[in-house]
Amino acid sequence: MYLLDKGQKFLSYGKMIEAYDDMFMEMALEEARAARAAGEVPVGAVLACGSDILARAHNRPVVLSDPSAHAEILAIRAAAQARANYRLVGATLYVTLEPCIMCCGAIVQARIGRLVFGARDIKGGAVVSCYQLLNDEKLNHRVAVTEGVRQDACAEIMSGFFREKRITSALR
Ligand code: ZN
């Protein structure tokens, strides 16, 4: 599949990757909005391999009474089951928020090759903010990381959610 720019020229490889990153992150944002609508912390994830979507999911710990039901874990489980393979070599994980310790663990276990995330999580992020688990010499798997894709939208959906929560709890 080739992508054309507005002048109908073929995009360079780098530009094509950027276009896919943007498209899949928009899909992850749709998932985050679905999480928000369900009263969950608004985080969404998409797992893709090239231009193929393997799975998409959003945060569901509250609904499922499951502390491990982060968007990334649900997407990884669904994709692994669909492929009937516990390794997702060659896959790229798109997520609106920087993954936590648990999700970084699952990314390493699944041997996911690339992670793209939108906003940093300064309180719990384990990729750059609090820990750097995906680039740790003690682990035998490295993950290529791109951050900041649709950063403003990804950060805004989080801050909006917690702002609303604070207002609602103040009114009680
Ligand atoms: Zn997580």
# chains A, B, ... in the order shown; residues from 1 in each chain; ligands from 1
>>> residues_near_ligand(ligand="ligand 1", cutoff="9 Å", atoms="only C-alpha atoms and all ligand atoms", output="ChimeraX atom specification")
/A:59,68-73,97-104,106,124-125
>>> write_last_selection(atoms="C-alpha atoms", output="CSV table (one decimal), in the first residue's frame")
chain,number,residue,atom,x,y,z
A,59,ASN,CA,-8.8,0.7,29.9
A,68,SER,CA,-4.4,-5.7,35.2
A,69,ALA,CA,-7.1,-4.6,32.6
A,70,HIS,CA,-5.1,-1.8,31.2
A,71,ALA,CA,-5.7,-0.9,27.5
A,72,GLU,CA,-2.2,-2.3,26.5
A,73,ILE,CA,-2.7,-5.7,28.3
A,97,LEU,CA,-0.4,7.4,27.6
A,98,GLU,CA,3.1,6.2,28.5
A,99,PRO,CA,2.8,2.6,29.7
A,100,CYS,CA,3.2,1.6,33.4
A,101,ILE,CA,5.6,-1.0,34.9
A,102,MET,CA,3.1,-3.8,34.3
A,103,CYS,CA,2.5,-2.9,30.7
A,104,CYS,CA,6.2,-2.5,29.9
A,106,ALA,CA,4.0,-7.4,29.0
A,124,GLY,CA,3.7,6.2,36.7
A,125,GLY,CA,5.3,6.0,33.3
>>> residues_around(residues="range 147-160 of chain A", least_positions_apart="6", cutoff="12 Å", atoms="only C-alpha atoms", output="PyMOL selection string")
chain A and resi 17-37+40-45+93-99+114-122+127-129+166-167
>>> residues_around(residues="Asp52 in chain A", least_positions_apart="3", cutoff="12 Å", atoms="only C-alpha atoms", output="mmCIF file with N, CA and C atoms, in the first residue's frame")
data_model
loop_
_atom_site.group_PDB
_atom_site.id
_atom_site.type_symbol
_atom_site.label_atom_id
_atom_site.label_comp_id
_atom_site.auth_asym_id
_atom_site.auth_seq_id
_atom_site.Cartn_x
_atom_site.Cartn_y
_atom_site.Cartn_z
ATOM 1 N N MET A 1 0.847 -1.198 0.000
ATOM 2 C CA MET A 1 0.000 0.000 0.000
ATOM 3 C C MET A 1 0.881 1.246 0.000
ATOM 4 N N TYR A 20 1.041 6.641 9.238
ATOM 5 C CA TYR A 20 0.468 5.491 9.950
ATOM 6 C C TYR A 20 0.399 5.761 11.448
ATOM 7 N N MET A 23 -2.505 7.967 12.150
ATOM 8 C CA MET A 23 -3.783 7.277 11.934
ATOM 9 C C MET A 23 -4.086 6.304 13.085
ATOM 10 N N PHE A 24 -3.088 5.518 13.479
ATOM 11 C CA PHE A 24 -3.320 4.541 14.550
ATOM 12 C C PHE A 24 -3.476 5.237 15.899
ATOM 13 N N VAL A 46 -3.842 0.495 20.447
ATOM 14 C CA VAL A 46 -4.025 -0.240 19.193
ATOM 15 C C VAL A 46 -2.743 -1.016 18.928
ATOM 16 N N LEU A 47 -2.895 -2.273 18.547
ATOM 17 C CA LEU A 47 -1.722 -3.065 18.147
ATOM 18 C C LEU A 47 -1.800 -3.261 16.643
ATOM 19 N N ALA A 48 -0.721 -2.926 15.960
ATOM 20 C CA ALA A 48 -0.714 -3.053 14.509
ATOM 21 C C ALA A 48 0.563 -3.749 14.061
ATOM 22 N N CYS A 49 0.464 -4.349 12.877
ATOM 23 C CA CYS A 49 1.651 -4.913 12.255
ATOM 24 C C CYS A 49 1.681 -4.328 10.846
ATOM 25 N N ALA A 55 -5.332 -5.612 17.055
ATOM 26 C CA ALA A 55 -6.301 -5.483 18.153
ATOM 27 C C ALA A 55 -6.387 -4.031 18.581
ATOM 28 N N ARG A 56 -7.518 -3.675 19.185
ATOM 29 C CA ARG A 56 -7.659 -2.351 19.799
ATOM 30 C C ARG A 56 -8.435 -2.520 21.092
ATOM 31 N N ALA A 79 -4.587 -9.709 20.633
ATOM 32 C CA ALA A 79 -3.758 -9.927 19.435
ATOM 33 C C ALA A 79 -3.057 -11.280 19.494
ATOM 34 N N GLY A 90 7.394 -8.068 15.515
ATOM 35 C CA GLY A 90 7.067 -7.235 14.357
ATOM 36 C C GLY A 90 5.899 -6.300 14.591
ATOM 37 N N ALA A 91 5.269 -6.412 15.769
ATOM 38 C CA ALA A 91 4.096 -5.571 16.039
ATOM 39 C C ALA A 91 4.509 -4.219 16.620
ATOM 40 N N THR A 92 3.654 -3.241 16.388
ATOM 41 C CA THR A 92 3.820 -1.916 16.985
ATOM 42 C C THR A 92 2.625 -1.646 17.881
ATOM 43 N N LEU A 93 2.899 -1.223 19.101
ATOM 44 C CA LEU A 93 1.827 -0.879 20.039
ATOM 45 C C LEU A 93 1.677 0.635 20.104
#
>>> select_by_dssp(residues="range 57-140 of chain A", states="helix (DSSP H, G or I)", output="list in words")
Pro61, Val62, Val63, Leu64, Ala71, Glu72, Ile73, Leu74, Ala75, Ile76, Arg77, Ala78, Ala79, Ala80, Gln81, Ala82, Arg83, Ile101, Met102, Cys103, Cys104, Gly105, Ala106, Ile107, Val108, Gln109, Leu133, Leu134 and Asn135 of chain A
>>> closest_residue(among="A:Val63, A:Ala126, A:Leu54, A:Val143", to="Arg83 in chain A", atoms="only C-alpha atoms")
A:Leu54
>>> closest_residue(among="A:Gln109, A:Thr146, A:Thr168, A:Asn135", to="Tyr86 in chain A", atoms="only C-alpha atoms")
A:Gln109
>>> closest_residue(among="A:Arg111, A:Gly105, A:Arg77, A:Val145", to="Leu133 in chain A", atoms="only C-alpha atoms")
A:Gly105
>>> select_by_dssp(residues="chain A", states="strand (DSSP E)", output="list of chain:residue names")
A:Gly44, A:Ala45, A:Val46, A:Leu47, A:Ala48, A:Cys49, A:Asp52, A:Ile53, A:Leu54, A:Ala55, A:Arg56, A:Ala57, A:His58, A:Thr92, A:Leu93, A:Tyr94, A:Val95, A:Thr96, A:Leu97, A:Arg114, A:Leu115, A:Val116, A:Phe117, A:Gly118, A:Ala119, A:Ala144, A:Val145, A:Thr146, A:Glu147
>>> write_last_selection(atoms="C-alpha atoms", output="compact mmCIF listing (two decimals), in the first residue's frame")
# COMPACT_ATOMS: atom_id res chain seq x y z
CA GLY A 44 -6.65 3.59 24.55
CA ALA A 45 -4.36 1.22 22.67
CA VAL A 46 -4.03 -0.24 19.19
CA LEU A 47 -1.72 -3.07 18.15
CA ALA A 48 -0.71 -3.05 14.51
CA CYS A 49 1.65 -4.91 12.26
CA ASP A 52 -2.80 -4.32 9.65
CA ILE A 53 -4.69 -3.81 12.90
CA LEU A 54 -4.23 -6.78 15.24
CA ALA A 55 -6.30 -5.48 18.15
CA ARG A 56 -7.66 -2.35 19.80
CA ALA A 57 -8.75 -1.88 23.40
CA HIS A 58 -9.32 0.63 26.17
CA THR A 92 3.82 -1.92 16.99
CA LEU A 93 1.83 -0.88 20.04
CA TYR A 94 0.14 2.53 19.94
CA VAL A 95 -1.06 3.90 23.25
CA THR A 96 -2.31 7.33 24.26
CA LEU A 97 -0.40 7.35 27.57
CA ARG A 114 8.03 -0.80 18.63
CA LEU A 115 6.04 1.39 20.99
CA VAL A 116 4.41 4.69 20.04
CA PHE A 117 2.83 6.72 22.81
CA GLY A 118 1.17 10.13 23.01
CA ALA A 119 1.57 11.76 26.41
CA ALA A 144 12.08 1.16 19.65
CA VAL A 145 10.13 4.06 21.15
CA THR A 146 8.48 7.06 19.53
CA GLU A 147 6.74 9.50 21.85
>>> decode(residues="range 24-72 of chain A", atoms="N, CA and C atoms", output="PDB file, in the first residue's frame")
ATOM      1  N   PHE A  24      -3.088   5.518  13.479  1.00  0.00           N
ATOM      2  CA  PHE A  24      -3.320   4.541  14.550  1.00  0.00           C
ATOM      3  C   PHE A  24      -3.476   5.237  15.899  1.00  0.00           C
ATOM      4  N   MET A  25      -2.790   6.365  16.097  1.00  0.00           N
ATOM      5  CA  MET A  25      -2.950   7.077  17.370  1.00  0.00           C
ATOM      6  C   MET A  25      -4.344   7.697  17.454  1.00  0.00           C
ATOM      7  N   GLU A  26      -4.876   8.138  16.320  1.00  0.00           N
ATOM      8  CA  GLU A  26      -6.250   8.666  16.317  1.00  0.00           C
ATOM      9  C   GLU A  26      -7.222   7.547  16.732  1.00  0.00           C
ATOM     10  N   MET A  27      -6.950   6.329  16.264  1.00  0.00           N
ATOM     11  CA  MET A  27      -7.773   5.178  16.632  1.00  0.00           C
ATOM     12  C   MET A  27      -7.642   4.887  18.140  1.00  0.00           C
ATOM     13  N   ALA A  28      -6.427   4.995  18.656  1.00  0.00           N
ATOM     14  CA  ALA A  28      -6.199   4.795  20.097  1.00  0.00           C
ATOM     15  C   ALA A  28      -6.946   5.866  20.896  1.00  0.00           C
ATOM     16  N   LEU A  29      -6.993   7.086  20.358  1.00  0.00           N
ATOM     17  CA  LEU A  29      -7.745   8.167  21.021  1.00  0.00           C
ATOM     18  C   LEU A  29      -9.247   7.857  21.049  1.00  0.00           C
ATOM     19  N   GLU A  30      -9.739   7.253  19.963  1.00  0.00           N
ATOM     20  CA  GLU A  30     -11.157   6.830  19.943  1.00  0.00           C
ATOM     21  C   GLU A  30     -11.418   5.844  21.076  1.00  0.00           C
ATOM     22  N   GLU A  31     -10.474   4.920  21.264  1.00  0.00           N
ATOM     23  CA  GLU A  31     -10.594   3.949  22.362  1.00  0.00           C
ATOM     24  C   GLU A  31     -10.573   4.657  23.716  1.00  0.00           C
ATOM     25  N   ALA A  32      -9.697   5.657  23.844  1.00  0.00           N
ATOM     26  CA  ALA A  32      -9.605   6.411  25.105  1.00  0.00           C
ATOM     27  C   ALA A  32     -10.937   7.102  25.402  1.00  0.00           C
ATOM     28  N   ARG A  33     -11.578   7.621  24.356  1.00  0.00           N
ATOM     29  CA  ARG A  33     -12.884   8.278  24.542  1.00  0.00           C
ATOM     30  C   ARG A  33     -13.932   7.255  24.999  1.00  0.00           C
ATOM     31  N   ALA A  34     -13.846   6.047  24.483  1.00  0.00           N
ATOM     32  CA  ALA A  34     -14.767   4.983  24.905  1.00  0.00           C
ATOM     33  C   ALA A  34     -14.545   4.649  26.376  1.00  0.00           C
ATOM     34  N   ALA A  35     -13.279   4.658  26.811  1.00  0.00           N
ATOM     35  CA  ALA A  35     -12.972   4.411  28.229  1.00  0.00           C
ATOM     36  C   ALA A  35     -13.590   5.503  29.086  1.00  0.00           C
ATOM     37  N   ARG A  36     -13.411   6.748  28.662  1.00  0.00           N
ATOM     38  CA  ARG A  36     -13.956   7.884  29.423  1.00  0.00           C
ATOM     39  C   ARG A  36     -15.475   7.756  29.549  1.00  0.00           C
ATOM     40  N   ALA A  37     -16.124   7.385  28.451  1.00  0.00           N
ATOM     41  CA  ALA A  37     -17.585   7.251  28.462  1.00  0.00           C
ATOM     42  C   ALA A  37     -18.031   6.170  29.442  1.00  0.00           C
ATOM     43  N   ALA A  38     -17.168   5.202  29.696  1.00  0.00           N
ATOM     44  CA  ALA A  38     -17.505   4.109  30.615  1.00  0.00           C
ATOM     45  C   ALA A  38     -17.037   4.411  32.043  1.00  0.00           C
ATOM     46  N   GLY A  39     -16.497   5.618  32.257  1.00  0.00           N
ATOM     47  CA  GLY A  39     -16.053   5.996  33.600  1.00  0.00           C
ATOM     48  C   GLY A  39     -14.670   5.492  33.970  1.00  0.00           C
ATOM     49  N   GLU A  40     -13.940   5.011  32.966  1.00  0.00           N
ATOM     50  CA  GLU A  40     -12.577   4.515  33.208  1.00  0.00           C
ATOM     51  C   GLU A  40     -11.565   5.630  32.923  1.00  0.00           C
ATOM     52  N   VAL A  41     -10.368   5.508  33.484  1.00  0.00           N
ATOM     53  CA  VAL A  41      -9.292   6.430  33.125  1.00  0.00           C
ATOM     54  C   VAL A  41      -9.089   6.313  31.606  1.00  0.00           C
ATOM     55  N   PRO A  42      -9.159   7.446  30.883  1.00  0.00           N
ATOM     56  CA  PRO A  42      -9.199   7.395  29.412  1.00  0.00           C
ATOM     57  C   PRO A  42      -7.861   7.097  28.741  1.00  0.00           C
ATOM     58  N   VAL A  43      -7.574   5.807  28.633  1.00  0.00           N
ATOM     59  CA  VAL A  43      -6.378   5.356  27.917  1.00  0.00           C
ATOM     60  C   VAL A  43      -6.823   4.353  26.854  1.00  0.00           C
ATOM     61  N   GLY A  44      -6.305   4.502  25.646  1.00  0.00           N
ATOM     62  CA  GLY A  44      -6.648   3.593  24.553  1.00  0.00           C
ATOM     63  C   GLY A  44      -5.403   3.064  23.892  1.00  0.00           C
ATOM     64  N   ALA A  45      -5.518   1.851  23.316  1.00  0.00           N
ATOM     65  CA  ALA A  45      -4.361   1.221  22.674  1.00  0.00           C
ATOM     66  C   ALA A  45      -4.770   0.516  21.388  1.00  0.00           C
ATOM     67  N   VAL A  46      -3.842   0.495  20.447  1.00  0.00           N
ATOM     68  CA  VAL A  46      -4.025  -0.240  19.193  1.00  0.00           C
ATOM     69  C   VAL A  46      -2.743  -1.016  18.928  1.00  0.00           C
ATOM     70  N   LEU A  47      -2.895  -2.273  18.547  1.00  0.00           N
ATOM     71  CA  LEU A  47      -1.722  -3.065  18.147  1.00  0.00           C
ATOM     72  C   LEU A  47      -1.800  -3.261  16.643  1.00  0.00           C
ATOM     73  N   ALA A  48      -0.721  -2.926  15.960  1.00  0.00           N
ATOM     74  CA  ALA A  48      -0.714  -3.053  14.509  1.00  0.00           C
ATOM     75  C   ALA A  48       0.563  -3.749  14.061  1.00  0.00           C
ATOM     76  N   CYS A  49       0.464  -4.349  12.877  1.00  0.00           N
ATOM     77  CA  CYS A  49       1.651  -4.913  12.255  1.00  0.00           C
ATOM     78  C   CYS A  49       1.681  -4.328  10.846  1.00  0.00           C
ATOM     79  N   GLY A  50       2.579  -3.403  10.605  1.00  0.00           N
ATOM     80  CA  GLY A  50       2.538  -2.652   9.349  1.00  0.00           C
ATOM     81  C   GLY A  50       1.243  -1.881   9.295  1.00  0.00           C
ATOM     82  N   SER A  51       0.446  -2.121   8.242  1.00  0.00           N
ATOM     83  CA  SER A  51      -0.824  -1.404   8.129  1.00  0.00           C
ATOM     84  C   SER A  51      -1.993  -2.242   8.653  1.00  0.00           C
ATOM     85  N   ASP A  52      -1.715  -3.457   9.144  1.00  0.00           N
ATOM     86  CA  ASP A  52      -2.797  -4.322   9.655  1.00  0.00           C
ATOM     87  C   ASP A  52      -3.061  -4.069  11.132  1.00  0.00           C
ATOM     88  N   ILE A  53      -4.332  -3.952  11.483  1.00  0.00           N
ATOM     89  CA  ILE A  53      -4.694  -3.811  12.895  1.00  0.00           C
ATOM     90  C   ILE A  53      -4.859  -5.202  13.486  1.00  0.00           C
ATOM     91  N   LEU A  54      -4.116  -5.479  14.578  1.00  0.00           N
ATOM     92  CA  LEU A  54      -4.229  -6.784  15.240  1.00  0.00           C
ATOM     93  C   LEU A  54      -5.286  -6.740  16.338  1.00  0.00           C
ATOM     94  N   ALA A  55      -5.332  -5.612  17.055  1.00  0.00           N
ATOM     95  CA  ALA A  55      -6.301  -5.483  18.153  1.00  0.00           C
ATOM     96  C   ALA A  55      -6.387  -4.031  18.581  1.00  0.00           C
ATOM     97  N   ARG A  56      -7.518  -3.675  19.185  1.00  0.00           N
ATOM     98  CA  ARG A  56      -7.659  -2.351  19.799  1.00  0.00           C
ATOM     99  C   ARG A  56      -8.435  -2.520  21.092  1.00  0.00           C
ATOM    100  N   ALA A  57      -8.112  -1.697  22.089  1.00  0.00           N
ATOM    101  CA  ALA A  57      -8.752  -1.876  23.400  1.00  0.00           C
ATOM    102  C   ALA A  57      -8.638  -0.590  24.206  1.00  0.00           C
ATOM    103  N   HIS A  58      -9.458  -0.500  25.246  1.00  0.00           N
ATOM    104  CA  HIS A  58      -9.324   0.629  26.170  1.00  0.00           C
ATOM    105  C   HIS A  58      -9.321   0.120  27.607  1.00  0.00           C
ATOM    106  N   ASN A  59      -8.893   0.995  28.492  1.00  0.00           N
ATOM    107  CA  ASN A  59      -8.812   0.692  29.917  1.00  0.00           C
ATOM    108  C   ASN A  59     -10.137   0.153  30.453  1.00  0.00           C
ATOM    109  N   ARG A  60     -10.108  -0.955  31.224  1.00  0.00           N
ATOM    110  CA  ARG A  60     -11.344  -1.491  31.799  1.00  0.00           C
ATOM    111  C   ARG A  60     -11.185  -2.048  33.208  1.00  0.00           C
ATOM    112  N   PRO A  61     -10.230  -1.569  34.004  1.00  0.00           N
ATOM    113  CA  PRO A  61     -10.058  -2.149  35.347  1.00  0.00           C
ATOM    114  C   PRO A  61     -11.289  -2.035  36.229  1.00  0.00           C
ATOM    115  N   VAL A  62     -12.001  -0.899  36.159  1.00  0.00           N
ATOM    116  CA  VAL A  62     -13.164  -0.701  37.025  1.00  0.00           C
ATOM    117  C   VAL A  62     -14.286  -1.648  36.623  1.00  0.00           C
ATOM    118  N   VAL A  63     -14.614  -1.636  35.333  1.00  0.00           N
ATOM    119  CA  VAL A  63     -15.717  -2.467  34.822  1.00  0.00           C
ATOM    120  C   VAL A  63     -15.465  -3.948  35.070  1.00  0.00           C
ATOM    121  N   LEU A  64     -14.219  -4.380  34.862  1.00  0.00           N
ATOM    122  CA  LEU A  64     -13.899  -5.805  34.987  1.00  0.00           C
ATOM    123  C   LEU A  64     -13.439  -6.195  36.396  1.00  0.00           C
ATOM    124  N   SER A  65     -13.349  -5.211  37.313  1.00  0.00           N
ATOM    125  CA  SER A  65     -12.756  -5.460  38.643  1.00  0.00           C
ATOM    126  C   SER A  65     -11.429  -6.199  38.493  1.00  0.00           C
ATOM    127  N   ASP A  66     -10.589  -5.646  37.630  1.00  0.00           N
ATOM    128  CA  ASP A  66      -9.328  -6.304  37.302  1.00  0.00           C
ATOM    129  C   ASP A  66      -8.224  -5.252  37.188  1.00  0.00           C
ATOM    130  N   PRO A  67      -7.349  -5.202  38.198  1.00  0.00           N
ATOM    131  CA  PRO A  67      -6.290  -4.177  38.167  1.00  0.00           C
ATOM    132  C   PRO A  67      -5.337  -4.320  36.988  1.00  0.00           C
ATOM    133  N   SER A  68      -5.352  -5.485  36.340  1.00  0.00           N
ATOM    134  CA  SER A  68      -4.444  -5.668  35.200  1.00  0.00           C
ATOM    135  C   SER A  68      -5.111  -5.327  33.862  1.00  0.00           C
ATOM    136  N   ALA A  69      -6.355  -4.871  33.896  1.00  0.00           N
ATOM    137  CA  ALA A  69      -7.090  -4.645  32.635  1.00  0.00           C
ATOM    138  C   ALA A  69      -6.765  -3.282  32.008  1.00  0.00           C
ATOM    139  N   HIS A  70      -5.470  -2.978  31.892  1.00  0.00           N
ATOM    140  CA  HIS A  70      -5.056  -1.769  31.180  1.00  0.00           C
ATOM    141  C   HIS A  70      -5.254  -1.990  29.682  1.00  0.00           C
ATOM    142  N   ALA A  71      -5.426  -0.881  28.950  1.00  0.00           N
ATOM    143  CA  ALA A  71      -5.658  -0.950  27.503  1.00  0.00           C
ATOM    144  C   ALA A  71      -4.589  -1.800  26.796  1.00  0.00           C
ATOM    145  N   GLU A  72      -3.328  -1.589  27.182  1.00  0.00           N
ATOM    146  CA  GLU A  72      -2.226  -2.303  26.519  1.00  0.00           C
ATOM    147  C   GLU A  72      -2.340  -3.815  26.735  1.00  0.00           C
TER     148      GLU A  72
END
